Amino acid sequence: MHQSKSLPLLLHAKPKSGSVVDSYQTVSVNCSKCRTRLFRYKKKNGTKSNLVKCYIERISEDSAGVLQQHINMEMGRGEGDDGGDGAKVEEWCCPKCRQRFARRATIHGRPALKMVGGKVRMTKK
């Protein structure tokens, strides 16, 4: 007889959202190459730790227009307009120097950006 093993279901905590996030410190995320401010982000512990990922819903100000640019690119693409491979827009680049600073990801079921190491600098305001 063949026994099927079932994998354990891992449940992760959902990231906080809503009024709780409003109390988080706002940090500026800048391109490390040209120092352009890319966006402002609500980060839980401010500048005390490295910026590894950013939940898109916590971006409070889109200074360089990178978020709006990606929204327009995804909205403008039709069902069959992705070159046939079904891939979404993955590259997030600085609009001034074109350096890639992040890639798109889904973390805990929410759209996010995974930062490329050393490509962004985080500052207070």
# chains A, B, ... in the order shown; residues from 1 in each chain; ligands from 1
$ residues_around --residues "stretch 65-67 of chain A" --least-positions-apart "6" --cutoff "10 Å" --atoms "only C-alpha atoms" --output "short mmCIF file (atom, residue, chain, number, x, y, z; two decimals) with N, CA and C atoms, in the first residue's frame"
data_model
loop_
_atom_site.label_atom_id
_atom_site.label_comp_id
_atom_site.auth_asym_id
_atom_site.auth_seq_id
_atom_site.Cartn_x
_atom_site.Cartn_y
_atom_site.Cartn_z
N ARG A 37 15.42 60.67 -4.44
CA ARG A 37 14.43 60.09 -3.55
C ARG A 37 13.42 59.31 -4.39
N LEU A 38 13.32 58.01 -4.12
CA LEU A 38 12.42 57.15 -4.88
C LEU A 38 11.02 57.19 -4.30
N PHE A 39 10.91 57.01 -2.98
CA PHE A 39 9.62 57.09 -2.30
C PHE A 39 9.82 57.22 -0.81
N ILE A 56 3.99 47.37 -0.67
CA ILE A 56 3.59 48.47 -1.55
C ILE A 56 2.52 49.33 -0.89
N ILE A 59 3.80 52.41 1.14
CA ILE A 59 4.47 53.54 0.50
C ILE A 59 3.56 54.75 0.65
N MET A 73 2.07 50.69 -16.20
CA MET A 73 2.58 49.62 -17.06
C MET A 73 1.72 48.37 -16.94
N TRP A 92 12.35 47.06 -10.99
CA TRP A 92 12.08 48.38 -10.42
C TRP A 92 13.40 49.14 -10.49
N CYS A 93 13.45 50.18 -11.33
CA CYS A 93 14.68 50.92 -11.58
C CYS A 93 14.51 52.39 -11.21
N CYS A 94 15.62 53.00 -10.85
CA CYS A 94 15.64 54.44 -10.58
C CYS A 94 15.34 55.18 -11.89
N PRO A 95 14.39 56.13 -11.88
CA PRO A 95 14.06 56.82 -13.13
C PRO A 95 15.17 57.72 -13.64
#
$ residues_around --residues "A:Lys96" --least-positions-apart "3" --cutoff "10 Å" --atoms "only C-alpha atoms" --output "ChimeraX atom specification"
/A:31,33-36,38,64,93,99
$ residues_around --residues "A:Arg104" --least-positions-apart "2" --cutoff "9 Å" --atoms "only C-alpha atoms" --output "short mmCIF file (atom, residue, chain, number, x, y, z; two decimals) with all heavy atoms, in the first residue's frame"
data_model
loop_
_atom_site.label_atom_id
_atom_site.label_comp_id
_atom_site.auth_asym_id
_atom_site.auth_seq_id
_atom_site.Cartn_x
_atom_site.Cartn_y
_atom_site.Cartn_z
N LYS A 88 5.04 39.13 -15.08
CA LYS A 88 4.64 40.48 -14.73
C LYS A 88 5.87 41.38 -14.74
O LYS A 88 6.98 40.93 -14.87
CB LYS A 88 4.00 40.50 -13.35
CG LYS A 88 2.66 39.81 -13.32
CD LYS A 88 2.02 39.98 -11.98
CE LYS A 88 0.66 39.34 -11.99
NZ LYS A 88 -0.01 39.45 -10.71
N VAL A 89 5.66 42.68 -14.56
CA VAL A 89 6.75 43.64 -14.53
C VAL A 89 7.55 43.37 -13.26
O VAL A 89 7.04 43.51 -12.16
CB VAL A 89 6.22 45.08 -14.54
CG1 VAL A 89 7.35 46.07 -14.50
CG2 VAL A 89 5.35 45.31 -15.75
N GLU A 90 8.79 42.95 -13.41
CA GLU A 90 9.61 42.55 -12.27
C GLU A 90 10.63 43.61 -11.88
O GLU A 90 10.98 43.73 -10.72
CB GLU A 90 10.36 41.25 -12.58
CG GLU A 90 9.45 40.06 -12.77
CD GLU A 90 8.87 39.52 -11.47
OE1 GLU A 90 9.52 39.65 -10.43
OE2 GLU A 90 7.76 39.00 -11.51
N GLU A 91 11.13 44.35 -12.84
CA GLU A 91 12.23 45.28 -12.60
C GLU A 91 11.72 46.61 -12.04
O GLU A 91 10.81 47.20 -12.58
CB GLU A 91 12.98 45.55 -13.90
CG GLU A 91 13.54 44.31 -14.56
CD GLU A 91 14.68 43.70 -13.78
OE1 GLU A 91 15.56 44.45 -13.35
OE2 GLU A 91 14.67 42.49 -13.60
N TRP A 92 12.35 47.06 -10.99
CA TRP A 92 12.08 48.38 -10.42
C TRP A 92 13.40 49.14 -10.49
O TRP A 92 14.36 48.79 -9.81
CB TRP A 92 11.57 48.28 -8.99
CG TRP A 92 10.18 47.77 -8.92
CD1 TRP A 92 9.74 46.51 -9.21
CD2 TRP A 92 9.01 48.50 -8.54
NE1 TRP A 92 8.39 46.42 -9.03
CE2 TRP A 92 7.91 47.62 -8.61
CE3 TRP A 92 8.81 49.81 -8.12
CZ2 TRP A 92 6.62 48.02 -8.30
CZ3 TRP A 92 7.51 50.20 -7.82
CH2 TRP A 92 6.44 49.32 -7.91
N ALA A 102 15.11 47.10 -6.94
CA ALA A 102 14.23 46.12 -6.30
C ALA A 102 13.60 45.21 -7.34
O ALA A 102 13.66 45.47 -8.54
CB ALA A 102 13.14 46.84 -5.52
N THR A 106 5.63 38.69 -3.75
CA THR A 106 4.43 38.59 -2.94
C THR A 106 4.84 37.97 -1.62
O THR A 106 5.33 36.85 -1.58
CB THR A 106 3.36 37.73 -3.63
OG1 THR A 106 3.05 38.31 -4.90
CG2 THR A 106 2.10 37.64 -2.80
N PRO A 111 1.38 42.31 -2.10
CA PRO A 111 2.41 42.77 -3.05
C PRO A 111 3.49 43.55 -2.32
O PRO A 111 3.21 44.37 -1.44
CB PRO A 111 1.64 43.65 -4.02
CG PRO A 111 0.38 44.00 -3.34
CD PRO A 111 0.09 42.92 -2.36
N ALA A 112 4.73 43.26 -2.66
CA ALA A 112 5.87 43.89 -1.98
C ALA A 112 7.02 44.05 -2.95
O ALA A 112 6.99 43.56 -4.08
CB ALA A 112 6.29 43.03 -0.79
N LEU A 113 8.05 44.76 -2.48
CA LEU A 113 9.30 44.91 -3.21
C LEU A 113 10.40 44.29 -2.36
O LEU A 113 10.47 44.54 -1.16
CB LEU A 113 9.63 46.39 -3.42
CG LEU A 113 8.65 47.22 -4.21
CD1 LEU A 113 9.12 48.66 -4.25
CD2 LEU A 113 8.51 46.68 -5.61
N LYS A 114 11.24 43.48 -2.98
CA LYS A 114 12.43 42.96 -2.31
C LYS A 114 13.59 43.80 -2.80
O LYS A 114 13.88 43.86 -3.99
CB LYS A 114 12.65 41.49 -2.64
CG LYS A 114 11.78 40.58 -1.84
CD LYS A 114 12.47 39.26 -1.69
CE LYS A 114 11.77 38.49 -0.59
NZ LYS A 114 12.34 37.18 -0.43
N MET A 115 14.26 44.45 -1.87
CA MET A 115 15.33 45.37 -2.22
C MET A 115 16.61 44.62 -2.58
O MET A 115 16.95 43.62 -1.96
CB MET A 115 15.63 46.31 -1.05
CG MET A 115 14.46 47.16 -0.66
SD MET A 115 13.97 48.17 -2.05
CE MET A 115 12.48 48.86 -1.45
#
$ residues_around --residues "A:Thr123" --least-positions-apart "2" --cutoff "8 Å" --atoms "only C-alpha atoms" --output "list in words"
Val27, Ser28, Val29, Asn30, Thr47, Arg121 and Lys125 of chain A
$ select_by_dssp --residues "stretch 43-119 of chain A" --states "alpha helix (DSSP H)" --output "count of residues only"
11
$ decode --residues "stretch 19-32 of chain A" --atoms "all heavy atoms" --output "mmCIF file, in the first residue's frame"
data_model
loop_
_atom_site.group_PDB
_atom_site.id
_atom_site.type_symbol
_atom_site.label_atom_id
_atom_site.label_comp_id
_atom_site.auth_asym_id
_atom_site.auth_seq_id
_atom_site.Cartn_x
_atom_site.Cartn_y
_atom_site.Cartn_z
ATOM 1 N N SER A 19 -4.750 51.792 10.678
ATOM 2 C CA SER A 19 -4.353 52.889 11.569
ATOM 3 C C SER A 19 -3.087 52.584 12.355
ATOM 4 O O SER A 19 -2.393 53.491 12.800
ATOM 5 C CB SER A 19 -5.491 53.226 12.525
ATOM 6 O OG SER A 19 -5.768 52.110 13.357
ATOM 7 N N VAL A 20 -2.768 51.302 12.541
ATOM 8 C CA VAL A 20 -1.544 50.927 13.250
ATOM 9 C C VAL A 20 -0.324 51.390 12.462
ATOM 10 O O VAL A 20 0.644 51.916 13.019
ATOM 11 C CB VAL A 20 -1.486 49.402 13.479
ATOM 12 C CG1 VAL A 20 -0.182 48.984 14.103
ATOM 13 C CG2 VAL A 20 -2.656 48.950 14.321
ATOM 14 N N VAL A 21 -0.369 51.243 11.149
ATOM 15 C CA VAL A 21 0.756 51.604 10.285
ATOM 16 C C VAL A 21 0.954 53.116 10.261
ATOM 17 O O VAL A 21 2.075 53.604 10.100
ATOM 18 C CB VAL A 21 0.535 51.043 8.859
ATOM 19 C CG1 VAL A 21 1.609 51.519 7.905
ATOM 20 C CG2 VAL A 21 0.495 49.539 8.897
ATOM 21 N N ASP A 22 -0.112 53.890 10.469
ATOM 22 C CA ASP A 22 0.006 55.354 10.454
ATOM 23 C C ASP A 22 0.952 55.863 11.531
ATOM 24 O O ASP A 22 1.560 56.910 11.390
ATOM 25 C CB ASP A 22 -1.363 56.005 10.609
ATOM 26 C CG ASP A 22 -2.246 55.766 9.394
ATOM 27 O OD1 ASP A 22 -1.698 55.478 8.313
ATOM 28 O OD2 ASP A 22 -3.482 55.855 9.538
ATOM 29 N N SER A 23 1.090 55.118 12.616
ATOM 30 C CA SER A 23 1.980 55.550 13.695
ATOM 31 C C SER A 23 3.446 55.173 13.428
ATOM 32 O O SER A 23 4.330 55.602 14.157
ATOM 33 C CB SER A 23 1.532 54.932 15.021
ATOM 34 O OG SER A 23 1.701 53.530 14.992
ATOM 35 N N TYR A 24 3.709 54.378 12.403
ATOM 36 C CA TYR A 24 5.082 53.994 12.079
ATOM 37 C C TYR A 24 5.856 55.200 11.576
ATOM 38 O O TYR A 24 5.301 56.119 10.994
ATOM 39 C CB TYR A 24 5.109 52.902 11.004
ATOM 40 C CG TYR A 24 4.631 51.544 11.444
ATOM 41 C CD1 TYR A 24 4.511 50.527 10.520
ATOM 42 C CD2 TYR A 24 4.303 51.258 12.758
ATOM 43 C CE1 TYR A 24 4.082 49.258 10.900
ATOM 44 C CE2 TYR A 24 3.869 50.004 13.142
ATOM 45 C CZ TYR A 24 3.759 49.009 12.208
ATOM 46 O OH TYR A 24 3.332 47.770 12.593
ATOM 47 N N GLN A 25 7.184 55.164 11.763
ATOM 48 C CA GLN A 25 8.035 56.251 11.311
ATOM 49 C C GLN A 25 8.150 56.224 9.789
ATOM 50 O O GLN A 25 8.270 55.157 9.178
ATOM 51 C CB GLN A 25 9.410 56.106 11.942
ATOM 52 C CG GLN A 25 10.325 57.265 11.668
ATOM 53 C CD GLN A 25 11.642 57.138 12.417
ATOM 54 O OE1 GLN A 25 11.859 56.193 13.160
ATOM 55 N NE2 GLN A 25 12.531 58.090 12.197
ATOM 56 N N THR A 26 8.121 57.409 9.187
ATOM 57 C CA THR A 26 8.271 57.522 7.736
ATOM 58 C C THR A 26 9.742 57.729 7.407
ATOM 59 O O THR A 26 10.387 58.607 7.973
ATOM 60 C CB THR A 26 7.444 58.691 7.191
ATOM 61 O OG1 THR A 26 6.085 58.516 7.584
ATOM 62 C CG2 THR A 26 7.503 58.733 5.669
ATOM 63 N N VAL A 27 10.266 56.895 6.511
ATOM 64 C CA VAL A 27 11.651 57.020 6.081
ATOM 65 C C VAL A 27 11.686 57.295 4.584
ATOM 66 O O VAL A 27 10.774 56.926 3.860
ATOM 67 C CB VAL A 27 12.478 55.747 6.408
ATOM 68 C CG1 VAL A 27 12.577 55.527 7.893
ATOM 69 C CG2 VAL A 27 11.907 54.523 5.727
ATOM 70 N N SER A 28 12.735 57.970 4.143
ATOM 71 C CA SER A 28 12.934 58.202 2.718
ATOM 72 C C SER A 28 13.800 57.097 2.154
ATOM 73 O O SER A 28 14.800 56.717 2.758
ATOM 74 C CB SER A 28 13.644 59.540 2.480
ATOM 75 O OG SER A 28 12.793 60.597 2.815
ATOM 76 N N VAL A 29 13.409 56.583 1.003
ATOM 77 C CA VAL A 29 14.190 55.560 0.314
ATOM 78 C C VAL A 29 14.795 56.230 -0.915
ATOM 79 O O VAL A 29 14.074 56.714 -1.788
ATOM 80 C CB VAL A 29 13.302 54.355 -0.078
ATOM 81 C CG1 VAL A 29 14.103 53.316 -0.822
ATOM 82 C CG2 VAL A 29 12.646 53.750 1.154
ATOM 83 N N ASN A 30 16.135 56.286 -0.942
ATOM 84 C CA ASN A 30 16.859 56.988 -1.995
ATOM 85 C C ASN A 30 17.731 56.022 -2.784
ATOM 86 O O ASN A 30 18.227 55.034 -2.231
ATOM 87 C CB ASN A 30 17.760 58.066 -1.391
ATOM 88 C CG ASN A 30 17.014 59.018 -0.499
ATOM 89 O OD1 ASN A 30 15.929 59.465 -0.837
ATOM 90 N ND2 ASN A 30 17.574 59.308 0.653
ATOM 91 N N CYS A 31 17.959 56.346 -4.047
ATOM 92 C CA CYS A 31 18.882 55.588 -4.874
ATOM 93 C C CYS A 31 20.290 55.823 -4.348
ATOM 94 O O CYS A 31 20.676 56.963 -4.095
ATOM 95 C CB CYS A 31 18.773 56.040 -6.326
ATOM 96 S SG CYS A 31 19.978 55.292 -7.433
ATOM 97 N N SER A 32 21.062 54.768 -4.178
ATOM 98 C CA SER A 32 22.412 54.924 -3.626
ATOM 99 C C SER A 32 23.396 55.495 -4.656
ATOM 100 O O SER A 32 24.419 56.048 -4.285
ATOM 101 C CB SER A 32 22.933 53.587 -3.101
ATOM 102 O OG SER A 32 23.040 52.658 -4.146
#
